[in-house]
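Shown next: run_17.txt, containing compact mmCIF, C-alpha atoms.
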```
# COMPACT_ATOMS: atom_id res chain seq x y z
CA MET M 282 112.12 73.65 111.37
CA HIS M 283 113.00 75.27 108.03
CA ILE M 284 110.43 78.05 108.59
CA LEU M 285 111.91 78.88 112.00
CA LEU M 286 115.44 78.79 110.61
CA TYR M 287 114.71 81.18 107.77
CA ARG M 288 112.75 83.51 110.03
CA GLU M 289 115.76 83.68 112.33
CA VAL M 290 117.94 84.49 109.33
CA LEU M 291 115.54 87.27 108.35
CA VAL M 292 115.50 88.74 111.86
CA TRP M 293 119.29 88.61 112.01
CA GLY M 294 119.57 90.23 108.57
CA ASN M 295 117.18 93.02 109.47
CA HIS M 296 119.07 93.57 112.73
CA LEU M 297 122.30 93.97 110.77
CA HIS M 298 120.62 96.32 108.31
CA ASP M 299 119.19 98.52 111.06
CA HIS M 300 122.39 98.83 113.08
CA ARG M 301 124.89 98.79 110.17
CA PRO M 302 127.80 97.08 111.89
CA LEU M 303 131.15 96.48 110.24
CA VAL M 304 130.83 92.70 110.18
CA ASP M 305 132.48 91.91 106.86
CA PRO M 306 133.52 93.90 103.76
CA SER M 307 130.99 91.97 101.67
CA TYR M 308 128.24 93.25 103.97
CA ILE M 309 128.58 96.70 102.39
CA GLY M 310 127.39 95.31 99.07
CA PHE M 311 124.65 93.16 100.62
CA ARG M 312 123.28 95.69 103.08
CA SER M 313 120.90 97.46 100.70
CA ARG M 314 119.56 94.13 99.41
CA ILE M 315 118.57 92.64 102.78
CA PRO M 316 115.11 94.27 103.11
CA LEU M 317 113.99 93.01 99.69
CA ALA M 318 115.10 89.45 100.43
CA SER M 319 113.43 89.62 103.84
CA LEU M 320 110.08 90.70 102.40
CA LEU M 321 110.25 88.13 99.59
CA LEU M 322 110.91 85.30 102.01
CA GLN M 323 108.17 86.44 104.37
CA VAL M 324 105.61 86.59 101.56
CA VAL M 325 106.59 83.21 100.09
CA MET M 326 106.74 81.42 103.45
CA ASP M 327 103.27 82.68 104.33
CA ILE M 328 102.03 80.79 101.26
CA SER M 329 104.17 77.70 101.28
CA SER M 330 104.12 76.07 104.70
CA ILE M 331 102.12 73.07 103.43
CA THR M 332 103.34 73.27 99.86
CA ILE M 333 106.95 72.71 100.86
CA CYS M 334 106.07 69.44 102.59
CA LEU M 335 104.19 68.21 99.52
CA ARG M 336 107.04 69.12 97.21
CA CYS M 337 109.62 67.54 99.49
CA SER M 338 107.62 64.31 99.75
CA LEU M 339 107.17 64.09 95.98
CA HIS M 340 110.78 64.87 95.11
CA ASN M 341 112.33 62.73 97.83
CA THR M 342 110.15 59.76 96.83
CA VAL M 343 110.26 59.89 93.04
CA ALA M 344 113.85 60.99 92.45
CA PRO M 345 115.61 58.39 94.67
CA SER M 346 113.35 55.62 93.36
CA PHE M 347 114.22 56.56 89.79
CA SER M 348 117.95 56.74 90.61
CA GLU M 349 117.84 53.28 92.19
CA ARG M 350 116.07 51.94 89.09
CA VAL M 351 118.74 53.39 86.81
CA VAL M 352 121.55 51.84 88.87
CA PHE M 353 119.76 48.48 88.75
CA VAL M 354 119.27 48.66 84.97
CA ARG M 355 122.88 49.66 84.38
CA CYS M 356 124.23 46.78 86.47
CA HIS M 357 121.79 44.36 84.83
CA CYS M 358 122.87 45.40 81.30
CA TYR M 359 126.53 45.00 82.17
CA LEU M 360 126.02 41.56 83.75
CA ARG M 361 123.95 40.35 80.79
CA GLN M 362 126.69 41.45 78.42
CA VAL M 363 129.33 39.67 80.52
CA ASP M 364 127.21 36.48 80.47
CA ALA M 365 126.96 36.75 76.69
CA TRP M 366 130.72 37.08 76.38
CA GLU M 367 131.30 34.07 78.63
CA SER M 368 128.78 31.90 76.79
CA SER M 369 130.36 32.72 73.44
CA GLY M 370 133.81 31.82 74.74
CA SER M 371 135.30 35.11 73.64
CA THR M 372 138.52 36.08 75.38
CA SER M 373 138.82 39.61 73.98
CA CYS M 374 135.62 41.43 74.66
CA SER M 375 134.73 44.61 72.82
CA SER M 376 133.30 47.27 75.11
CA GLY M 377 131.36 49.02 72.34
CA THR M 378 128.02 47.49 73.26
CA VAL M 379 128.38 48.23 76.96
CA THR M 380 129.58 51.77 76.22
CA GLY M 381 126.57 52.38 73.99
CA LEU M 382 124.16 51.06 76.62
CA ILE M 383 125.75 53.12 79.39
CA PHE M 384 125.65 56.23 77.20
CA PHE M 385 121.97 55.68 76.43
CA GLU M 386 121.14 55.04 80.10
CA THR M 387 123.11 58.11 81.24
CA PHE M 388 121.39 60.33 78.68
CA SER M 389 118.00 58.93 79.63
CA TYR M 390 118.73 59.38 83.34
CA ILE M 391 119.79 63.03 82.98
CA TRP M 392 116.83 63.87 80.76
CA THR M 393 114.25 62.11 82.93
CA SER M 394 115.68 63.59 86.13
CA MET M 395 115.45 67.09 84.68
CA VAL M 396 111.90 66.48 83.50
CA ILE M 397 110.89 65.32 86.99
CA SER M 398 112.51 68.38 88.59
CA ASN M 399 110.96 70.77 86.08
CA VAL M 400 107.52 69.20 86.42
CA SER M 401 107.84 69.83 90.15
CA LEU M 402 108.81 73.47 89.53
CA THR M 403 105.93 73.94 87.07
CA THR M 404 103.50 72.34 89.51
CA LEU M 405 104.42 74.78 92.26
CA ALA M 406 104.48 77.81 89.98
CA GLY M 407 101.11 77.07 88.38
CA GLY M 408 99.54 75.76 91.57
CA PRO M 409 99.75 77.39 95.01
CA PHE M 410 102.04 80.29 94.10
CA GLY M 411 100.36 81.21 90.82
CA CYS M 412 96.88 80.85 92.30
CA TRP M 413 97.85 83.04 95.25
CA TYR M 414 99.17 85.68 92.87
CA TYR M 415 96.08 85.83 90.64
CA PHE M 416 93.27 84.70 92.96
CA GLY M 417 94.49 85.81 96.36
CA PRO M 418 94.87 83.77 99.56
CA ARG M 419 92.64 80.81 100.22
CA GLU M 420 90.76 82.78 102.87
CA ALA M 421 89.42 85.10 100.16
CA GLY M 422 87.42 82.22 98.69
CA LEU M 423 88.49 82.81 95.07
CA MET M 424 91.32 80.25 94.86
CA PRO M 425 90.39 77.07 92.94
CA LYS M 426 90.05 73.85 94.90
CA HIS M 427 93.15 71.66 94.97
CA PRO M 428 95.39 74.05 92.98
CA THR M 429 98.47 71.84 93.38
CA LEU M 430 96.77 68.74 91.98
CA GLY M 431 95.32 70.70 89.07
CA SER M 432 98.69 72.23 88.29
CA PHE M 433 100.37 68.83 88.47
CA TRP M 434 97.86 67.40 85.99
CA ARG M 435 98.52 70.26 83.54
CA ALA M 436 102.29 69.96 83.95
CA SER M 437 102.30 66.20 83.44
CA THR M 438 99.92 66.20 80.46
CA LEU M 439 99.26 69.43 78.55
CA SER M 440 102.65 71.06 79.23
CA LEU M 441 104.77 67.91 79.38
CA GLY M 442 106.00 68.31 75.80
CA SER M 443 107.24 71.84 76.41
CA ILE M 444 108.91 70.79 79.66
CA ALA M 445 110.56 67.79 77.99
CA PHE M 446 111.81 69.94 75.10
CA GLY M 447 113.39 72.50 77.41
CA SER M 448 114.92 69.71 79.49
CA LEU M 449 116.27 68.06 76.32
CA ILE M 450 118.28 71.17 75.44
CA VAL M 451 120.00 71.13 78.82
CA THR M 452 120.49 67.36 78.64
CA VAL M 453 122.30 67.63 75.30
CA LEU M 454 124.61 70.30 76.72
CA GLU M 455 125.23 68.23 79.85
CA THR M 456 126.04 65.16 77.74
CA ILE M 457 128.47 67.13 75.59
CA ARG M 458 130.16 68.41 78.73
CA LEU M 459 130.49 64.87 80.09
CA LEU M 460 132.01 63.67 76.80
CA LEU M 461 134.50 66.55 76.86
CA ASN M 462 135.38 65.64 80.45
CA ILE M 463 136.07 62.05 79.37
CA ALA M 464 138.18 63.29 76.46
CA ARG M 465 140.15 65.54 78.79
CA ASN M 466 140.83 62.70 81.22
CA ASN M 467 141.94 60.40 78.40
CA ALA M 468 144.23 63.05 76.96
CA ASN M 469 145.71 63.67 80.39
CA ALA M 470 146.32 59.96 80.91
CA GLU M 471 148.06 59.72 77.52
CA GLY M 472 150.18 62.81 78.15
CA HIS M 473 148.80 65.26 75.57
CA PRO M 474 148.79 68.69 77.28
CA VAL M 475 147.51 70.60 74.22
CA GLU M 476 144.47 68.34 73.91
CA VAL M 477 143.88 68.61 77.66
CA CYS M 478 143.88 72.41 77.43
CA LEU M 479 141.53 72.46 74.42
CA ALA M 480 139.12 69.99 76.03
CA CYS M 481 139.17 71.97 79.29
CA CYS M 482 138.37 75.24 77.48
CA ALA M 483 135.58 73.60 75.49
CA GLU M 484 134.15 72.02 78.67
CA CYS M 485 134.20 75.38 80.43
CA PHE M 486 132.48 77.05 77.46
CA ILE M 487 129.75 74.41 77.29
CA GLY M 488 129.31 74.61 81.07
CA CYS M 489 128.76 78.38 80.89
CA ILE M 490 126.16 77.94 78.14
CA GLU M 491 124.44 75.20 80.14
CA GLY M 492 124.27 77.39 83.23
CA MET M 493 122.74 80.28 81.27
CA VAL M 494 120.18 77.99 79.63
CA GLN M 495 119.17 76.51 83.00
CA TYR M 496 118.86 80.01 84.48
CA PHE M 497 116.72 81.12 81.53
CA ASN M 498 114.63 77.94 81.41
CA ARG M 499 113.54 78.35 85.02
CA TYR M 500 111.51 81.43 84.17
CA ALA M 501 110.32 79.97 80.86
CA TYR M 502 108.80 77.02 82.77
CA ILE M 503 106.99 79.46 85.05
CA GLU M 504 105.57 81.20 81.97
CA ILE M 505 104.38 77.77 80.81
CA ALA M 506 102.84 77.06 84.21
CA LEU M 507 101.06 80.40 84.61
CA TYR M 508 99.85 81.02 81.08
CA GLY M 509 99.93 77.62 79.34
CA LYS M 510 102.32 78.77 76.61
CA PRO M 511 104.38 76.45 74.41
CA TYR M 512 108.10 76.43 75.11
CA ILE M 513 109.23 78.62 72.20
CA ARG M 514 106.71 81.35 72.96
CA ALA M 515 107.46 81.14 76.69
CA ALA M 516 111.17 81.50 75.93
CA LYS M 517 110.55 84.59 73.78
CA ASP M 518 108.36 86.19 76.44
CA THR M 519 110.94 85.39 79.11
CA TRP M 520 113.61 87.06 77.00
CA ASN M 521 111.40 90.14 76.70
CA LEU M 522 110.94 90.21 80.47
CA PHE M 523 114.68 90.18 81.01
CA LEU M 524 115.57 92.50 78.14
CA ASP M 525 112.83 95.14 78.25
CA ARG M 526 111.66 95.16 81.88
CA GLY M 527 114.86 94.70 83.83
CA ILE M 528 113.72 91.56 85.68
CA ASP M 529 117.33 90.35 85.54
CA ALA M 530 118.43 93.22 87.79
CA LEU M 531 115.74 92.35 90.32
CA VAL M 532 116.69 88.66 90.22
CA ASN M 533 120.41 89.34 90.58
CA ASP M 534 119.85 91.71 93.51
CA SER M 535 117.79 89.16 95.43
CA LEU M 536 119.63 87.48 98.29
CA VAL M 537 117.05 84.72 98.62
CA SER M 538 119.15 82.06 96.91
CA ILE M 539 122.21 82.89 99.05
CA THR M 540 120.11 82.83 102.22
CA LEU M 541 118.60 79.44 101.37
CA THR M 542 122.00 77.98 100.50
CA TRP M 543 123.55 79.06 103.78
CA GLY M 544 120.47 77.79 105.57
CA ALA M 545 121.08 74.39 103.97
CA TYR M 546 124.69 74.43 105.19
CA ALA M 547 123.48 75.28 108.69
CA VAL M 548 121.05 72.34 108.64
CA GLY M 549 123.86 70.07 107.41
CA MET M 550 126.07 71.13 110.29
CA LEU M 551 123.24 70.51 112.76
CA CYS M 552 122.76 67.02 111.32
CA SER M 553 126.49 66.37 111.71
CA LEU M 554 126.28 67.57 115.31
CA PHE M 555 123.39 65.22 116.04
CA GLY M 556 125.31 62.39 114.37
CA PHE M 557 128.32 63.09 116.56
CA LEU M 558 126.18 63.20 119.71
CA TYR M 559 124.58 59.90 118.73
CA LEU M 560 127.97 58.22 118.33
CA ARG M 561 129.27 59.87 121.49
CA TYR M 562 126.52 58.78 123.87
CA THR M 563 125.22 55.51 122.38
CA HIS M 564 128.62 53.90 121.66
CA PRO M 565 127.47 51.61 118.80
CA SER M 566 129.48 48.40 118.43
CA TYR M 567 130.47 49.10 114.83
CA ASN M 568 132.29 52.26 115.91
CA ASP M 569 134.28 50.96 118.89
CA GLU M 570 137.54 52.43 117.63
CA GLY M 571 135.99 55.53 116.05
CA GLN M 572 136.70 54.36 112.53
CA TYR M 573 133.24 55.34 111.25
CA THR M 574 132.95 58.72 112.96
CA ALA M 575 134.15 60.74 109.98
CA PRO M 576 131.95 58.92 107.41
CA VAL M 577 128.87 59.26 109.65
CA LEU M 578 129.47 62.99 110.12
CA LEU M 579 130.07 63.46 106.39
CA PHE M 580 126.95 61.58 105.31
CA SER M 581 124.90 63.36 107.97
CA PHE M 582 126.04 66.69 106.57
CA ILE M 583 125.32 65.68 102.96
CA ILE M 584 121.87 64.30 103.79
CA GLY M 585 120.94 67.41 105.78
CA VAL M 586 122.11 69.75 103.01
CA GLN M 587 120.32 67.76 100.31
CA LEU M 588 117.02 67.62 102.16
CA GLN M 589 117.14 71.31 102.99
CA LEU M 590 118.02 72.25 99.41
CA THR M 591 114.97 70.27 98.31
CA LEU M 592 112.84 72.34 100.65
CA ALA M 593 114.60 75.53 99.56
CA ALA M 594 113.80 74.79 95.92
CA ALA M 595 110.10 75.17 96.73
CA ILE M 596 110.72 78.59 98.27
CA GLU M 597 112.81 79.66 95.28
CA ALA M 598 109.98 78.55 93.00
CA GLY M 599 107.66 80.91 94.86
CA VAL M 600 110.09 83.82 94.58
CA SER M 601 110.62 83.18 90.85
CA THR M 602 106.85 83.00 90.32
CA ILE M 603 106.43 86.40 91.96
CA PHE M 604 109.13 87.82 89.67
CA VAL M 605 107.42 86.51 86.52
CA GLY M 606 103.99 87.64 87.68
CA LEU M 607 105.45 91.03 88.55
CA GLY M 608 106.84 91.42 85.04
CA GLU M 609 103.62 90.35 83.34
CA ASP M 610 100.98 91.87 85.67
CA PRO M 611 102.61 94.21 88.21
CA GLY M 612 99.31 95.66 89.36
CA VAL M 613 98.30 92.32 90.89
CA LEU M 614 101.26 92.36 93.28
CA ALA M 615 100.24 95.84 94.44
CA ILE M 616 97.03 94.22 95.73
CA ARG M 617 98.56 91.02 97.13
CA ALA M 618 101.64 92.49 98.84
CA PRO M 619 101.55 96.31 98.86
CA GLU M 620 104.69 96.69 100.97
CA LEU M 621 106.73 94.45 98.67
CA PHE M 622 105.36 96.19 95.58
CA GLY M 623 106.21 99.61 97.01
CA MET M 624 109.79 98.60 97.74
CA ILE M 625 110.27 97.18 94.24
CA ALA M 626 108.62 100.23 92.64
CA ASP M 627 111.02 102.55 94.46
CA ARG M 628 114.15 100.66 93.48
CA TYR M 629 113.16 99.16 90.11
CA PRO M 630 110.59 101.48 88.49
CA GLN M 631 111.11 99.90 85.07
CA VAL M 632 110.04 96.47 86.31
CA VAL M 633 106.61 97.48 87.57
CA GLN M 634 105.50 98.98 84.28
CA GLY M 635 104.40 95.53 83.12
CA VAL M 636 104.65 93.96 79.69
CA PRO M 637 102.22 95.23 77.05
CA ARG M 638 99.83 92.59 75.81
CA VAL M 639 99.87 91.96 72.08
```

Write-out of the structure in structure tokens:
Amino acid sequence: MHILLYREVLVWGNHLHDHRPLVDPSYIGFRSRIPLASLLLQVVMDISSITICLRCSLHNTVAPSFSERVVFVRCHCYLRQVDAWESSGSTSCSSGTVTGLIFFETFSYIWTSMVISNVSLTTLAGGPFGCWYYFGPREAGLMPKHPTLGSFWRASTLSLGSIAFGSLIVTVLETIRLLLNIARNNANAEGHPVEVCLACCAECFIGCIEGMVQYFNRYAYIEIALYGKPYIRAAKDTWNLFLDRGIDALVNDSLVSITLTWGAYAVGMLCSLFGFLYLRYTHPSYNDEGQYTAPVLLFSFIIGVQLQLTLAAAIEAGVSTIFVGLGEDPGVLAIRAPELFGMIADRYPQVVQGVPRV
């Protein structure tokens, strides 16, 4: 379904580009970027029809299971602490122990969740997408057997330390932002506008830094996946790609992320429509008076968007892998996808010069 949806988006985008209608003022800025996004999506989707299903199954199985485990542990810790208070006969209970446990569990949850997500990204980058870039399609006979499993083994063993270190940096920033949010809410409840303003500014500043680090880390993890580099070296090489080769301009001009996001919203609306039709024609007993119509439609939309964003993350991983491979070894893309390489060479000549090996 996702492949058909994105192909329809590509056809619609190319139709708009060819006929140049006055649809929306923002179209003027997007018009020149549609062909590049169309080619990128076509190339990636030709590789990833099976890969997306594998990634979706892994992410949708591991991540919810881990989240349920964290909720269980948090409730268990709180109940054990309450039992201890009741057995000791204390009437004024200090919340320091519970606060410490919840802080530790929250930090652990954020860190582990990011590691799981980044291991998934590294697996896709070093597996099917990276192997396609350097060995060609499977039909050529040069691609290693089971590239996804081999990449997953490397990501979860040899490269796990680098992935965990990069995830730890983002986790620390996320934790600081959460603490500033708590401080802002407390100051607002106590009526201290100056402290609220300072906490809000600090939270915004930390959030901007966190967003930039996550954006940068994505390409550093792909460097780790493709070339087996440690995190620090991968970060330096990623910085060189962005600073010296203009990869950032190519990334910013790509409409792939916007296309995938709107595709996720479209899937969410379709899920809400199906939910409404189900309630309309089956008349379940729990919704006799229509009291659960709005919650069902809302949850249907959220579930559809979340599932589609999970699938879209696999496509974005393929696009990002092509960008990194293009910066490191542009001549390879000229063999794999000549039309895409030609378009990039015309618009971004600095990018296709490659990075000199030291």

- Query: For Gln631 of chain M, which residue among M:Leu522, M:Leu507, M:Ala406, M:Val577 is the nearest when counting only C-alpha atoms?
  - Reply: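 Closest residue, counting only C-alpha atoms: M:Leu522.
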
- Item | Counting all atoms listed in the file, the option among M:Ala501, M:Leu524, M:Ile539, M:Leu578 closest to Leu551 of chain M |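 Result for the nearest residue to Leu551 of chain M: M:Leu578.
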
- Query: Which distance in Å separates atom CA of Gln587 of chain M and atom CA of Ile383 of chain M, to one decimal?
  - Reply: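 If I compute the distance from atom CA of Gln587 of chain M to atom CA of Ile383 of chain M, I get 26.1 Å.
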
- Query: Out of M:Val586, M:Ile444, M:Leu614, M:Leu454, which residue has the shortest atom-to-atom distance to Tyr502 of chain M when counting only C-alpha atoms?
  - Reply: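 Once distances to Tyr502 of chain M are computed over only C-alpha atoms, the minimum belongs to M:Ile444.
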
- Which protein, DNA or RNA residues are at most 12 Å from (94.9, 69.9, 83.6) in the file's coordinates when you count only C-alpha atoms, listed as number ranges by chain? M: 404, 407-408, 427-441, 506, 509

- Task: Tell me which of M:Phe523, M:Tyr567, M:Tyr562, M:Phe580 sits closest to Val632 of chain M, counting only C-alpha atoms.
- Result: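 Comparing M:Phe523, M:Tyr567, M:Tyr562, M:Phe580 against Val632 of chain M, the winner is M:Phe523.
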
- Item | For atom CA of Ser535 of chain M and atom CA of Tyr629 of chain M, the interatomic separation in Å (one decimal) |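 These two atoms are separated by 12.2 Å.
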
- Query: Could you list as a list in words every residue that has an atom within 10 Å of (104.6, 90.9, 100.3), using the file's coordinates and counting all atoms listed in the file?
  - Reply: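 Nearby residues: Leu317, Ser319, Leu320, Leu321, Leu322, Gln323, Val324, Val325, Asp327, Ile603, Leu614, Ala615, Ile616, Arg617, Ala618, Pro619, Glu620, Leu621, Phe622, Gly623 and Met624 of chain M.
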
For the selection you just gave me, I'd like the residues written to a file as a JSON list (two decimals), in the coordinates of the input, keeping C-alpha atoms.
```
[["chain", "number", "residue", "atom", "x", "y", "z"],
["M", 317, "LEU", "CA", 113.99, 93.01, 99.69],
["M", 319, "SER", "CA", 113.43, 89.62, 103.84],
["M", 320, "LEU", "CA", 110.08, 90.70, 102.40],
["M", 321, "LEU", "CA", 110.25, 88.13, 99.59],
["M", 322, "LEU", "CA", 110.91, 85.30, 102.01],
["M", 323, "GLN", "CA", 108.17, 86.44, 104.37],
["M", 324, "VAL", "CA", 105.61, 86.59, 101.56],
["M", 325, "VAL", "CA", 106.59, 83.21, 100.09],
["M", 327, "ASP", "CA", 103.27, 82.68, 104.33],
["M", 603, "ILE", "CA", 106.43, 86.40, 91.96],
["M", 614, "LEU", "CA", 101.26, 92.36, 93.28],
["M", 615, "ALA", "CA", 100.24, 95.84, 94.44],
["M", 616, "ILE", "CA", 97.03, 94.22, 95.73],
["M", 617, "ARG", "CA", 98.56, 91.02, 97.13],
["M", 618, "ALA", "CA", 101.64, 92.49, 98.84],
["M", 619, "PRO", "CA", 101.55, 96.31, 98.86],
["M", 620, "GLU", "CA", 104.69, 96.69, 100.97],
["M", 621, "LEU", "CA", 106.73, 94.45, 98.67],
["M", 622, "PHE", "CA", 105.36, 96.19, 95.58],
["M", 623, "GLY", "CA", 106.21, 99.61, 97.01],
["M", 624, "MET", "CA", 109.79, 98.60, 97.74]]
```

- Length of the atom CA of Met550 of chain M to atom CA of Ser581 of chain M vector [Å]: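 We find that atom CA of Met550 of chain M and atom CA of Ser581 of chain M lie 8.2 Å from each other.
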
- Option closest in space to Gly447 of chain M, from M:Gly381, M:Gly556, M:Gly571, M:Pro511 [counting all atoms listed in the file]: M:Pro511

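You can rank M:Ala626, M:Ile505, M:Leu405, M:Leu590 by their closest distance to Lys517 of chain M using all atoms listed in the file, and at the top of that list sits M:Ile505.
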